[in-house]
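Participant: So I've got this file, query-v3.cif, and it contains mmCIF, C-alpha atoms:
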data_coords
loop_
_atom_site.group_PDB
_atom_site.id
_atom_site.type_symbol
_atom_site.label_atom_id
_atom_site.label_comp_id
_atom_site.auth_asym_id
_atom_site.auth_seq_id
_atom_site.Cartn_x
_atom_site.Cartn_y
_atom_site.Cartn_z
ATOM 1 C CA MET C 1 4.982 -68.208 120.141
ATOM 2 C CA ASN C 2 4.667 -66.069 123.188
ATOM 3 C CA ASP C 3 1.351 -64.289 123.135
ATOM 4 C CA LYS C 4 2.058 -62.281 126.258
ATOM 5 C CA ASN C 5 2.961 -58.679 126.228
ATOM 6 C CA PRO C 6 6.757 -58.254 126.332
ATOM 7 C CA ILE C 7 6.381 -54.878 128.058
ATOM 8 C CA GLU C 8 4.397 -56.485 130.857
ATOM 9 C CA ASP C 9 6.998 -59.230 131.147
ATOM 10 C CA LEU C 10 9.811 -56.731 131.458
ATOM 11 C CA LYS C 11 7.850 -54.729 134.013
ATOM 12 C CA ALA C 12 7.274 -57.861 136.068
ATOM 13 C CA ILE C 13 10.968 -58.753 135.897
ATOM 14 C CA ARG C 14 11.977 -55.302 137.025
ATOM 15 C CA LYS C 15 9.506 -55.298 139.870
ATOM 16 C CA MET C 16 10.603 -58.703 141.125
ATOM 17 C CA MET C 17 14.258 -57.744 140.956
ATOM 18 C CA GLU C 18 13.645 -54.629 142.976
ATOM 19 C CA SER C 19 11.247 -55.958 145.568
ATOM 20 C CA SER C 20 13.347 -59.070 146.214
ATOM 21 C CA SER C 21 16.629 -57.223 146.655
ATOM 22 C CA LYS C 22 15.519 -54.005 148.336
ATOM 23 C CA PHE C 23 13.820 -53.558 151.640
ATOM 24 C CA LEU C 24 11.121 -51.125 150.533
ATOM 25 C CA SER C 25 9.137 -51.077 153.744
ATOM 26 C CA LEU C 26 11.503 -48.666 155.469
ATOM 27 C CA SER C 27 9.220 -45.775 156.287
ATOM 28 C CA GLY C 28 10.078 -42.116 155.799
ATOM 29 C CA LEU C 29 8.234 -41.391 159.027
ATOM 30 C CA SER C 30 10.930 -43.341 160.903
ATOM 31 C CA GLY C 31 13.454 -40.799 159.682
ATOM 32 C CA ILE C 32 11.314 -37.837 160.718
ATOM 33 C CA PHE C 33 10.731 -39.207 164.207
ATOM 34 C CA ALA C 34 14.352 -40.267 164.664
ATOM 35 C CA GLY C 35 15.314 -36.695 163.799
ATOM 36 C CA LEU C 36 12.803 -35.164 166.226
ATOM 37 C CA THR C 37 13.956 -37.496 168.996
ATOM 38 C CA ALA C 38 17.566 -36.539 168.339
ATOM 39 C CA ILE C 39 16.751 -32.827 168.567
ATOM 40 C CA VAL C 40 14.868 -33.224 171.837
ATOM 41 C CA GLY C 41 17.743 -35.336 173.174
ATOM 42 C CA ALA C 42 20.325 -32.792 172.077
ATOM 43 C CA TYR C 43 18.336 -30.082 173.833
ATOM 44 C CA PHE C 44 18.429 -32.050 177.101
ATOM 45 C CA ALA C 45 22.146 -32.666 176.645
ATOM 46 C CA HIS C 46 22.617 -28.946 176.112
ATOM 47 C CA LEU C 47 20.701 -28.155 179.346
ATOM 48 C CA GLU C 48 22.789 -30.724 181.186
ATOM 49 C CA ILE C 49 26.034 -29.161 179.993
ATOM 50 C CA LYS C 50 24.839 -25.650 180.846
ATOM 51 C CA HIS C 51 23.862 -26.830 184.296
ATOM 52 C CA TRP C 52 27.265 -28.466 184.680
ATOM 53 C CA ASN C 53 29.082 -25.303 183.626
ATOM 54 C CA LEU C 54 27.333 -23.449 186.451
ATOM 55 C CA LEU C 55 28.101 -26.101 189.042
ATOM 56 C CA MET C 56 31.641 -26.878 187.985
ATOM 57 C CA PRO C 57 33.356 -24.140 190.020
ATOM 58 C CA HIS C 58 31.771 -25.543 193.175
ATOM 59 C CA TYR C 59 32.965 -29.040 192.351
ATOM 60 C CA TYR C 60 36.465 -27.744 191.767
ATOM 61 C CA LEU C 61 36.472 -25.711 194.969
ATOM 62 C CA GLN C 62 35.612 -28.845 196.864
ATOM 63 C CA GLY C 63 38.325 -30.747 194.989
ATOM 64 C CA ARG C 64 35.757 -32.964 193.274
ATOM 65 C CA GLY C 65 36.343 -31.868 189.687
ATOM 66 C CA GLN C 66 36.824 -35.388 188.398
ATOM 67 C CA GLU C 67 33.645 -36.535 190.077
ATOM 68 C CA GLY C 68 31.653 -33.699 188.510
ATOM 69 C CA TYR C 69 33.021 -34.524 185.092
ATOM 70 C CA GLU C 70 32.127 -38.169 185.477
ATOM 71 C CA THR C 71 28.599 -37.364 186.625
ATOM 72 C CA LEU C 72 28.065 -35.229 183.532
ATOM 73 C CA SER C 73 29.456 -37.887 181.202
ATOM 74 C CA LEU C 74 27.238 -40.500 182.748
ATOM 75 C CA ARG C 75 24.159 -38.318 182.339
ATOM 76 C CA LEU C 76 25.007 -37.537 178.718
ATOM 77 C CA LEU C 77 25.514 -41.240 178.064
ATOM 78 C CA LEU C 78 22.138 -41.976 179.627
ATOM 79 C CA ILE C 79 20.464 -39.342 177.430
ATOM 80 C CA ALA C 80 22.165 -40.801 174.340
ATOM 81 C CA LEU C 81 20.949 -44.302 175.195
ATOM 82 C CA ILE C 82 17.384 -43.108 175.764
ATOM 83 C CA ILE C 83 17.411 -41.284 172.407
ATOM 84 C CA LEU C 84 18.725 -44.394 170.681
ATOM 85 C CA VAL C 85 16.039 -46.640 172.155
ATOM 86 C CA ILE C 86 13.208 -44.201 171.380
ATOM 87 C CA ALA C 87 14.407 -43.497 167.834
ATOM 88 C CA LEU C 88 14.858 -47.200 167.079
ATOM 89 C CA SER C 89 11.423 -48.060 168.489
ATOM 90 C CA PHE C 90 9.790 -45.389 166.349
ATOM 91 C CA GLY C 91 11.731 -46.637 163.337
ATOM 92 C CA VAL C 92 10.682 -50.242 163.820
ATOM 93 C CA PHE C 93 7.097 -49.222 164.567
ATOM 94 C CA PHE C 94 6.599 -47.101 161.427
ATOM 95 C CA THR C 95 8.366 -49.649 159.266
ATOM 96 C CA TRP C 96 6.119 -52.343 160.695
ATOM 97 C CA LEU C 97 3.052 -50.185 159.914
ATOM 98 C CA LYS C 98 4.200 -49.637 156.344
ATOM 99 C CA ALA C 99 5.048 -53.309 155.865
ATOM 100 C CA ARG C 100 1.590 -54.245 157.081
ATOM 101 C CA LYS C 101 0.034 -51.829 154.630
ATOM 102 C CA LEU C 102 2.069 -53.327 151.789
ATOM 103 C CA ASP C 103 1.141 -56.777 153.058
ATOM 104 C CA LYS C 104 4.779 -57.705 153.566
ATOM 105 C CA SER C 105 6.715 -59.112 156.453
ATOM 106 C CA ILE C 106 9.166 -56.926 158.326
ATOM 107 C CA TRP C 107 11.372 -59.849 159.307
ATOM 108 C CA THR C 108 12.723 -61.306 156.075
ATOM 109 C CA PRO C 109 16.183 -62.604 155.141
ATOM 110 C CA LEU C 110 16.534 -59.315 153.291
ATOM 111 C CA SER C 111 15.812 -57.098 156.283
ATOM 112 C CA MET C 112 18.138 -59.289 158.320
ATOM 113 C CA ARG C 113 20.945 -58.659 155.829
ATOM 114 C CA LEU C 114 20.139 -54.941 155.977
ATOM 115 C CA VAL C 115 20.381 -54.895 159.776
ATOM 116 C CA ILE C 116 23.638 -56.868 159.766
ATOM 117 C CA SER C 117 25.262 -54.667 157.133
ATOM 118 C CA ILE C 118 24.349 -51.554 159.120
ATOM 119 C CA MET C 119 25.242 -52.989 162.519
ATOM 120 C CA ILE C 120 28.796 -54.031 161.661
ATOM 121 C CA PRO C 121 30.251 -50.560 160.948
ATOM 122 C CA LEU C 122 27.936 -49.025 163.533
ATOM 123 C CA GLY C 123 29.022 -51.486 166.230
ATOM 124 C CA PHE C 124 32.714 -50.896 165.618
ATOM 125 C CA GLY C 125 32.052 -47.162 165.391
ATOM 126 C CA GLY C 126 30.339 -47.319 168.768
ATOM 127 C CA MET C 127 33.329 -49.120 170.272
ATOM 128 C CA PHE C 128 35.634 -46.559 168.688
ATOM 129 C CA CYS C 129 33.629 -43.738 170.304
ATOM 130 C CA ILE C 130 33.823 -45.434 173.702
ATOM 131 C CA GLY C 131 37.574 -45.702 173.117
ATOM 132 C CA LEU C 132 37.752 -41.981 172.367
ATOM 133 C CA TYR C 133 35.977 -41.258 175.625
ATOM 134 C CA VAL C 134 38.164 -43.597 177.669
ATOM 135 C CA GLN C 135 41.343 -42.170 176.148
ATOM 136 C CA GLY C 136 40.197 -38.654 176.943
ATOM 137 C CA TYR C 137 39.064 -37.257 173.581
ATOM 138 C CA PRO C 138 35.344 -36.684 174.210
ATOM 139 C CA GLU C 139 35.294 -33.756 171.774
ATOM 140 C CA LEU C 140 36.024 -36.191 168.923
ATOM 141 C CA ILE C 141 32.984 -38.343 169.673
ATOM 142 C CA ALA C 142 30.470 -36.264 167.691
ATOM 143 C CA PRO C 143 32.558 -36.232 164.484
ATOM 144 C CA ALA C 144 33.296 -39.960 164.870
ATOM 145 C CA MET C 145 29.615 -40.773 165.376
ATOM 146 C CA LEU C 146 28.655 -38.832 162.248
ATOM 147 C CA ILE C 147 31.327 -40.457 160.110
ATOM 148 C CA PHE C 148 30.665 -44.004 161.303
ATOM 149 C CA TYR C 149 26.926 -43.498 160.937
ATOM 150 C CA GLY C 150 27.513 -42.399 157.354
ATOM 151 C CA PHE C 151 29.610 -45.528 156.731
ATOM 152 C CA SER C 152 26.858 -47.708 158.162
ATOM 153 C CA LEU C 153 24.173 -46.148 155.976
ATOM 154 C CA LEU C 154 26.384 -46.455 152.922
ATOM 155 C CA ASN C 155 26.968 -50.105 153.710
ATOM 156 C CA GLY C 156 23.240 -50.743 154.083
ATOM 157 C CA SER C 157 22.296 -48.642 151.064
ATOM 158 C CA LYS C 158 22.442 -51.566 148.643
ATOM 159 C CA TYR C 159 19.393 -53.050 150.346
ATOM 160 C CA VAL C 160 17.195 -49.943 150.386
ATOM 161 C CA HIS C 161 16.320 -47.010 148.164
ATOM 162 C CA ASN C 162 19.334 -45.526 146.496
ATOM 163 C CA ASP C 163 18.474 -42.121 147.978
ATOM 164 C CA ILE C 164 19.910 -43.159 151.309
ATOM 165 C CA LYS C 165 23.378 -42.773 149.803
ATOM 166 C CA PHE C 166 22.903 -39.009 149.786
ATOM 167 C CA LEU C 167 22.051 -39.053 153.475
ATOM 168 C CA ALA C 168 25.154 -41.181 154.084
ATOM 169 C CA LEU C 169 27.358 -38.750 152.157
ATOM 170 C CA CYS C 170 25.929 -35.755 154.018
ATOM 171 C CA GLU C 171 26.557 -37.417 157.395
ATOM 172 C CA MET C 172 30.155 -38.227 156.505
ATOM 173 C CA ALA C 173 30.813 -34.751 155.112
ATOM 174 C CA LEU C 174 29.307 -33.184 158.220
ATOM 175 C CA GLY C 175 31.520 -35.387 160.373
ATOM 176 C CA VAL C 176 34.627 -34.097 158.621
ATOM 177 C CA ILE C 177 33.458 -30.475 158.710
ATOM 178 C CA SER C 178 32.723 -30.730 162.437
ATOM 179 C CA LEU C 179 36.378 -31.634 163.004
ATOM 180 C CA LEU C 180 37.252 -28.060 162.057
ATOM 181 C CA ASP C 181 34.984 -26.712 164.753
ATOM 182 C CA LEU C 182 35.297 -29.077 167.703
ATOM 183 C CA ASN C 183 33.703 -26.784 170.284
ATOM 184 C CA LYS C 184 30.338 -27.058 168.590
ATOM 185 C CA GLY C 185 30.148 -30.855 168.534
ATOM 186 C CA ILE C 186 26.583 -30.903 169.829
ATOM 187 C CA MET C 187 25.449 -28.487 167.145
ATOM 188 C CA TYR C 188 26.856 -30.634 164.336
ATOM 189 C CA TRP C 189 25.481 -33.729 166.010
ATOM 190 C CA THR C 190 22.027 -32.101 166.087
ATOM 191 C CA ILE C 191 22.269 -31.165 162.421
ATOM 192 C CA GLY C 192 23.419 -34.649 161.422
ATOM 193 C CA PHE C 193 21.114 -36.787 163.505
ATOM 194 C CA GLY C 194 18.241 -34.330 163.832
ATOM 195 C CA ILE C 195 17.802 -32.014 160.880
ATOM 196 C CA LEU C 196 19.235 -34.300 158.174
ATOM 197 C CA HIS C 197 17.028 -37.167 159.358
ATOM 198 C CA ILE C 198 13.897 -35.032 159.310
ATOM 199 C CA PHE C 199 14.803 -33.680 155.897
ATOM 200 C CA TYR C 200 15.560 -37.119 154.476
ATOM 201 C CA GLY C 201 12.528 -38.717 156.122
ATOM 202 C CA ALA C 202 10.204 -36.047 154.736
ATOM 203 C CA ILE C 203 11.566 -36.462 151.212
ATOM 204 C CA MET C 204 11.210 -40.252 151.421
ATOM 205 C CA TYR C 205 7.726 -39.946 152.865
ATOM 206 C CA PHE C 206 6.443 -37.781 150.038
ATOM 207 C CA LYS C 207 8.374 -39.626 147.342
ATOM 208 C CA TYR C 208 7.486 -43.222 148.255
ATOM 209 C CA ASP C 209 5.008 -43.507 151.113
ATOM 210 C CA ARG C 210 2.260 -41.105 150.062
ATOM 211 C CA LYS C 211 0.762 -43.115 147.285
ATOM 212 C CA MET P 212 14.838 -74.112 123.525
ATOM 213 C CA SER P 213 14.567 -70.778 121.809
ATOM 214 C CA SER P 214 11.991 -69.790 119.262
ATOM 215 C CA ILE P 215 12.400 -67.620 116.178
ATOM 216 C CA ASP P 216 12.171 -64.356 118.035
ATOM 217 C CA GLY P 217 14.818 -65.449 120.562
ATOM 218 C CA LEU P 218 12.382 -65.819 123.420
ATOM 219 C CA ASN P 219 13.127 -68.730 125.679
ATOM 220 C CA LYS P 220 10.182 -71.092 126.103
ATOM 221 C CA ALA P 221 11.471 -71.973 129.567
ATOM 222 C CA PHE P 222 10.530 -68.497 130.713
ATOM 223 C CA ASP P 223 7.035 -68.468 129.261
ATOM 224 C CA SER P 224 5.326 -68.493 132.623
ATOM 225 C CA ARG P 225 5.194 -65.477 134.859
ATOM 226 C CA VAL P 226 6.194 -67.637 137.818
ATOM 227 C CA ARG P 227 9.428 -68.682 136.139
ATOM 228 C CA LEU P 228 10.140 -65.092 135.194
ATOM 229 C CA GLY P 229 9.662 -64.183 138.837
ATOM 230 C CA ILE P 230 11.939 -66.936 140.140
ATOM 231 C CA MET P 231 14.683 -66.071 137.678
ATOM 232 C CA SER P 232 14.387 -62.317 138.347
ATOM 233 C CA MET P 233 14.785 -62.861 142.061
ATOM 234 C CA LEU P 234 17.754 -65.164 141.615
ATOM 235 C CA MET P 235 19.415 -62.719 139.234
ATOM 236 C CA VAL P 236 19.789 -60.123 141.976
ATOM 237 C CA ASN P 237 20.160 -62.337 145.041
ATOM 238 C CA ASP P 238 22.764 -64.930 145.847
ATOM 239 C CA TRP P 239 21.153 -67.877 147.638
ATOM 240 C CA LEU P 240 17.424 -67.559 148.242
ATOM 241 C CA ASP P 241 15.473 -70.014 150.300
ATOM 242 C CA TYR P 242 12.254 -71.660 149.229
ATOM 243 C CA LYS P 243 10.114 -69.833 151.767
ATOM 244 C CA THR P 244 11.274 -66.419 150.609
ATOM 245 C CA ILE P 245 10.566 -67.182 146.959
ATOM 246 C CA LYS P 246 7.166 -68.580 147.843
ATOM 247 C CA ALA P 247 6.236 -65.524 149.917
ATOM 248 C CA GLU P 248 7.540 -63.031 147.366
ATOM 249 C CA LEU P 249 5.655 -64.635 144.483
ATOM 250 C CA ASN P 250 2.576 -65.401 146.566
ATOM 251 C CA LEU P 251 2.390 -69.012 145.458
ATOM 252 C CA THR P 252 1.205 -72.379 146.668
ATOM 253 C CA ASP P 253 3.675 -75.209 147.280
ATOM 254 C CA GLY P 254 2.633 -77.367 144.361
ATOM 255 C CA ASN P 255 2.762 -74.555 141.855
ATOM 256 C CA LEU P 256 6.187 -73.323 142.877
ATOM 257 C CA ALA P 257 7.713 -76.780 143.200
ATOM 258 C CA SER P 258 6.836 -77.777 139.636
ATOM 259 C CA HIS P 259 8.318 -74.586 138.172
ATOM 260 C CA ILE P 260 11.445 -74.925 140.265
ATOM 261 C CA ALA P 261 11.827 -78.538 139.192
ATOM 262 C CA GLY P 262 11.527 -77.414 135.570
ATOM 263 C CA LEU P 263 14.223 -74.791 135.915
ATOM 264 C CA GLU P 264 16.400 -77.203 137.825
ATOM 265 C CA LYS P 265 16.107 -79.791 135.084
ATOM 266 C CA LEU P 266 17.342 -77.239 132.561
ATOM 267 C CA GLU P 267 20.234 -76.543 134.960
ATOM 268 C CA TYR P 268 19.296 -72.879 135.105
ATOM 269 C CA ILE P 269 19.220 -73.004 138.892
ATOM 270 C CA MET P 270 20.958 -75.127 141.480
ATOM 271 C CA VAL P 271 19.683 -76.442 144.768
ATOM 272 C CA ARG P 272 21.246 -76.648 148.185
ATOM 273 C CA LYS P 273 19.565 -78.589 150.951
ATOM 274 C CA ARG P 274 20.840 -78.370 154.478
ATOM 275 C CA PHE P 275 19.763 -78.403 158.055
ATOM 276 C CA VAL P 276 19.206 -75.242 160.004
ATOM 277 C CA GLY P 277 18.773 -76.584 163.512
ATOM 278 C CA LYS P 278 16.410 -79.499 163.074
ATOM 279 C CA LYS P 279 14.591 -78.118 160.049
ATOM 280 C CA THR P 280 15.575 -78.639 156.470
ATOM 281 C CA ASN P 281 16.346 -75.506 154.534
ATOM 282 C CA THR P 282 16.281 -75.515 150.761
ATOM 283 C CA SER P 283 17.920 -72.669 148.880
ATOM 284 C CA TYR P 284 18.389 -71.903 145.235
ATOM 285 C CA ARG P 285 20.946 -70.074 143.187
ATOM 286 C CA ILE P 286 21.101 -69.178 139.529
ATOM 287 C CA THR P 287 23.717 -70.993 137.439
ATOM 288 C CA LYS P 288 25.929 -69.450 134.791
ATOM 289 C CA PRO P 289 23.925 -70.926 131.884
ATOM 290 C CA GLY P 290 20.778 -69.768 133.673
ATOM 291 C CA LYS P 291 22.084 -66.239 133.893
ATOM 292 C CA GLN P 292 23.013 -66.219 130.217
ATOM 293 C CA ALA P 293 19.697 -67.701 129.155
ATOM 294 C CA PHE P 294 17.765 -65.166 131.196
ATOM 295 C CA LYS P 295 19.820 -62.262 129.899
ATOM 296 C CA SER P 296 19.240 -63.250 126.287
ATOM 297 C CA HIS P 297 15.544 -63.660 127.081
ATOM 298 C CA ILE P 298 15.431 -60.096 128.398
ATOM 299 C CA ASN P 299 17.289 -58.899 125.322
ATOM 300 C CA ALA P 300 14.774 -60.673 123.121
ATOM 301 C CA LEU P 301 11.915 -59.017 124.981
ATOM 302 C CA GLU P 302 13.544 -55.644 124.515
ATOM 303 C CA ASN P 303 14.067 -56.308 120.825
ATOM 304 C CA LEU P 304 10.398 -57.165 120.478
ATOM 305 C CA ILE P 305 9.429 -53.860 122.057
ATOM 306 C CA ASN P 306 11.800 -51.927 119.847
ATOM 307 C CA LYS P 307 10.258 -53.529 116.780
ATOM 308 C CA ILE P 308 6.825 -52.307 117.831
#
Kindly return the structure encoded in the file as structure tokens.
Facilitator:
Amino acid sequence: MNDKNPIEDLKAIRKMMESSSKFLSLSGLSGIFAGLTAIVGAYFAHLEIKHWNLLMPHYYLQGRGQEGYETLSLRLLLIALIILVIALSFGVFFTWLKARKLDKSIWTPLSMRLVISIMIPLGFGGMFCIGLYVQGYPELIAPAMLIFYGFSLLNGSKYVHNDIKFLALCEMALGVISLLDLNKGIMYWTIGFGILHIFYGAIMYFKYDRK
Amino acid sequence: MSSIDGLNKAFDSRVRLGIMSMLMVNDWLDYKTIKAELNLTDGNLASHIAGLEKLEYIMVRKRFVGKKTNTSYRITKPGKQAFKSHINALENLINKI
């Protein structure tokens, strides 16, 4: 006969199933900092565009309109890359901290699968956005980024807390809504990558990390 | 294999429960991952894995990744069924209490 407690056995089974199939070290703080970084970045992008709007007439008068446009695009691209690097570094850093606290490794086959499942839609989405720019539809980049980011999160959601699905849905919905209002791409981008991240990160932090 | 209350003797130990739980929700898992997740020593894990393998509840795949050998495990169909009925038996026990 089994003299062990069946409730304890079931609890152990449940715990093993969850911890071996879900990457639980993802920190809520990563979300908060990614969001803050995005907002700061969007603010710089906004300044850059305002600055460009002032200078543009001069460029055109000198017949250098195309050049001015390209300079702006390049600067915006640079800002976007800097945001990406900073946000990712914060994300990895806080996740590493949390993993250390839980006495787990950050680099497991599971986290590798998570990264791959996020990177595939995100990578193709990135290429799609570059295509939009090259083909002359820069105003569609913000909606496309939001939608593809949502896809990526949804694809990775099977390896993390289920809650991330709500974030994914919100990003995708926002992407579609922003299509109706193309002039305010930066605003929707800021909501999606800034405010939603902070909101989600804070909820995750209080729900799972503060224990 | 099964006793009166439907519990499977093969899953008596907590280590075996752990191995089976992990393999229920993952496809192929390698030895190192299982060892790290369950916080076990080599000898301990190997004997339990051998036991489960003998019952044909799990299957083994050995291959080379670069120059190192890589051993992975996957649950078999009978293993899945056996584990499911074990969980059901546990739940029944709780309901009786």
Participant: If the PyMOL selection byres ((chain P) within 9 of (chain C)) is run on the structure shown, which residues does it catch, given as JSON, numbers by chain?
Facilitator: {"P": [214, 215, 216, 218, 220, 223, 225, 228, 229, 230, 231, 232, 233, 234, 235, 236, 237, 240, 241, 244, 245, 247, 248, 249, 298, 300, 301, 302, 304, 305]}
Participant: Go ahead and dump the residues you just picked, C-alpha atoms, as a short mmCIF file (atom, residue, chain, number, x, y, z; two decimals), in the frame of the given file.
Facilitator:
data_model
loop_
_atom_site.label_atom_id
_atom_site.label_comp_id
_atom_site.auth_asym_id
_atom_site.auth_seq_id
_atom_site.Cartn_x
_atom_site.Cartn_y
_atom_site.Cartn_z
CA SER P 214 11.99 -69.79 119.26
CA ILE P 215 12.40 -67.62 116.18
CA ASP P 216 12.17 -64.36 118.04
CA LEU P 218 12.38 -65.82 123.42
CA LYS P 220 10.18 -71.09 126.10
CA ASP P 223 7.04 -68.47 129.26
CA ARG P 225 5.19 -65.48 134.86
CA LEU P 228 10.14 -65.09 135.19
CA GLY P 229 9.66 -64.18 138.84
CA ILE P 230 11.94 -66.94 140.14
CA MET P 231 14.68 -66.07 137.68
CA SER P 232 14.39 -62.32 138.35
CA MET P 233 14.78 -62.86 142.06
CA LEU P 234 17.75 -65.16 141.62
CA MET P 235 19.42 -62.72 139.23
CA VAL P 236 19.79 -60.12 141.98
CA ASN P 237 20.16 -62.34 145.04
CA LEU P 240 17.42 -67.56 148.24
CA ASP P 241 15.47 -70.01 150.30
CA THR P 244 11.27 -66.42 150.61
CA ILE P 245 10.57 -67.18 146.96
CA ALA P 247 6.24 -65.52 149.92
CA GLU P 248 7.54 -63.03 147.37
CA LEU P 249 5.66 -64.64 144.48
CA ILE P 298 15.43 -60.10 128.40
CA ALA P 300 14.77 -60.67 123.12
CA LEU P 301 11.92 -59.02 124.98
CA GLU P 302 13.54 -55.64 124.52
CA LEU P 304 10.40 -57.16 120.48
CA ILE P 305 9.43 -53.86 122.06
#
Participant: Compare P:Gly254, P:Tyr268, P:Ala261, P:Asn303 by their minimum atom-to-atom distance to Thr287 in chain P, counting only C-alpha atoms, and give me the closest one.
Facilitator: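 Among the listed residues, the smallest separation from Thr287 in chain P belongs to P:Tyr268.
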Participant: For a test of reading the model, state the distance in Å between CA of Met204 in chain C and CA of Ser111 in chain C, rounded to one decimal.
Facilitator: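 Taking CA of Met204 in chain C as the start and CA of Ser111 in chain C as the end point, the length is 18.1 Å.
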Participant: Using the chain letters and residue numbers of this document, give as JSON, numbers by chain the residues selected by the PyMOL selection byres ((chain C and resi 167) around 9).
Facilitator: {"C": [150, 153, 154, 163, 164, 165, 166, 168, 169, 170, 171, 172, 196, 197, 200]}
Participant: Go through C:Ala142, C:Gly156, C:Ala80, C:His46 and flag the residue nearest Gly185 in chain C, using all atoms listed in the file for the distances.
Facilitator: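 Going through C:Ala142, C:Gly156, C:Ala80, C:His46 one by one, the smallest distance to Gly185 in chain C is for C:Ala142.
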Participant: So what do you get for CA of Asn255 in chain P versus CA of Lys243 in chain P, distance-wise?
Facilitator: 13.2 Å
Participant: Check which residues satisfy the PyMOL selection byres ((chain C and resi 53-55) around 12) in the file shown, then give them as an mmCIF file with C-alpha atoms, in the frame of the given file.
Facilitator:
data_model
loop_
_atom_site.group_PDB
_atom_site.id
_atom_site.type_symbol
_atom_site.label_atom_id
_atom_site.label_comp_id
_atom_site.auth_asym_id
_atom_site.auth_seq_id
_atom_site.Cartn_x
_atom_site.Cartn_y
_atom_site.Cartn_z
ATOM 1 C CA HIS C 46 22.617 -28.946 176.112
ATOM 2 C CA LEU C 47 20.701 -28.155 179.346
ATOM 3 C CA GLU C 48 22.789 -30.724 181.186
ATOM 4 C CA ILE C 49 26.034 -29.161 179.993
ATOM 5 C CA LYS C 50 24.839 -25.650 180.846
ATOM 6 C CA HIS C 51 23.862 -26.830 184.296
ATOM 7 C CA TRP C 52 27.265 -28.466 184.680
ATOM 8 C CA MET C 56 31.641 -26.878 187.985
ATOM 9 C CA PRO C 57 33.356 -24.140 190.020
ATOM 10 C CA HIS C 58 31.771 -25.543 193.175
ATOM 11 C CA TYR C 59 32.965 -29.040 192.351
ATOM 12 C CA TYR C 60 36.465 -27.744 191.767
ATOM 13 C CA LEU C 61 36.472 -25.711 194.969
ATOM 14 C CA GLN C 62 35.612 -28.845 196.864
ATOM 15 C CA ARG C 64 35.757 -32.964 193.274
ATOM 16 C CA GLY C 65 36.343 -31.868 189.687
ATOM 17 C CA GLU C 67 33.645 -36.535 190.077
ATOM 18 C CA GLY C 68 31.653 -33.699 188.510
ATOM 19 C CA TYR C 69 33.021 -34.524 185.092
ATOM 20 C CA THR C 71 28.599 -37.364 186.625
ATOM 21 C CA LEU C 72 28.065 -35.229 183.532
#
Participant: Please measure the separation of CA of Leu251 in chain P and CA of Lys273 in chain P, giving the value in Å to one decimal.
Facilitator: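 If I compute the distance from CA of Leu251 in chain P to CA of Lys273 in chain P, I get 20.4 Å.
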Participant: Taking into account only C-alpha atoms, which residue in the set P:Lys279, P:Lys307, P:Lys291, P:His297 is nearest to Gly217 in chain P?
Facilitator: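 Of P:Lys279, P:Lys307, P:Lys291, P:His297, the one nearest Gly217 in chain P, counting only C-alpha atoms, is P:His297.
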Participant: Do you know which residues are at most 7 Å from Ala38 in chain C counting all atoms listed in the file, after dropping those on the same chain fewer than 6 positions away, and could you put them as a PyMOL selection string?
Facilitator: chain C and resi 83+190+193-194
Participant: Write out as AutoDock Vina command-line options an axis-aligned box for range 145-148 of chain C: all of its atoms listed in the file, 8 Å added on each side, centre and edge lengths in Å with one decimal.
Facilitator:
--center_x 30.0 --center_y -41.4 --center_z 162.7 --size_x 18.7 --size_y 21.2 --size_z 21.3
Participant: Mind checking which residues fall within 10 Å of Tyr208 in chain C, counting all atoms listed in the file, ignoring those fewer than 2 positions away in the same chain, and posting them as a list in words?
Facilitator: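 Non-adjacent residues within range: Leu24, Ser25, Leu26, Ser27, Gly28, His161, Ile203, Met204, Tyr205, Phe206, Arg210 and Lys211 of chain C.
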Participant: Write out, as a short mmCIF file (atom, residue, chain, number, x, y, z; two decimals), in the frame of the given file, the residues just selected, with C-alpha atoms.
Facilitator:
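The resulting file, selection-v4.cif, is shown below:
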data_model
loop_
_atom_site.label_atom_id
_atom_site.label_comp_id
_atom_site.auth_asym_id
_atom_site.auth_seq_id
_atom_site.Cartn_x
_atom_site.Cartn_y
_atom_site.Cartn_z
CA LEU C 24 11.12 -51.12 150.53
CA SER C 25 9.14 -51.08 153.74
CA LEU C 26 11.50 -48.67 155.47
CA SER C 27 9.22 -45.78 156.29
CA GLY C 28 10.08 -42.12 155.80
CA HIS C 161 16.32 -47.01 148.16
CA ILE C 203 11.57 -36.46 151.21
CA MET C 204 11.21 -40.25 151.42
CA TYR C 205 7.73 -39.95 152.86
CA PHE C 206 6.44 -37.78 150.04
CA ARG C 210 2.26 -41.10 150.06
CA LYS C 211 0.76 -43.12 147.28
#
Participant: Of the candidates C:Ser178, C:Ser30, C:Gln66, C:Ser73, which one gets nearest to Trp96 in chain C if we count all atoms listed in the file?
Facilitator: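 The answer is C:Ser30, which sits nearest to Trp96 in chain C.
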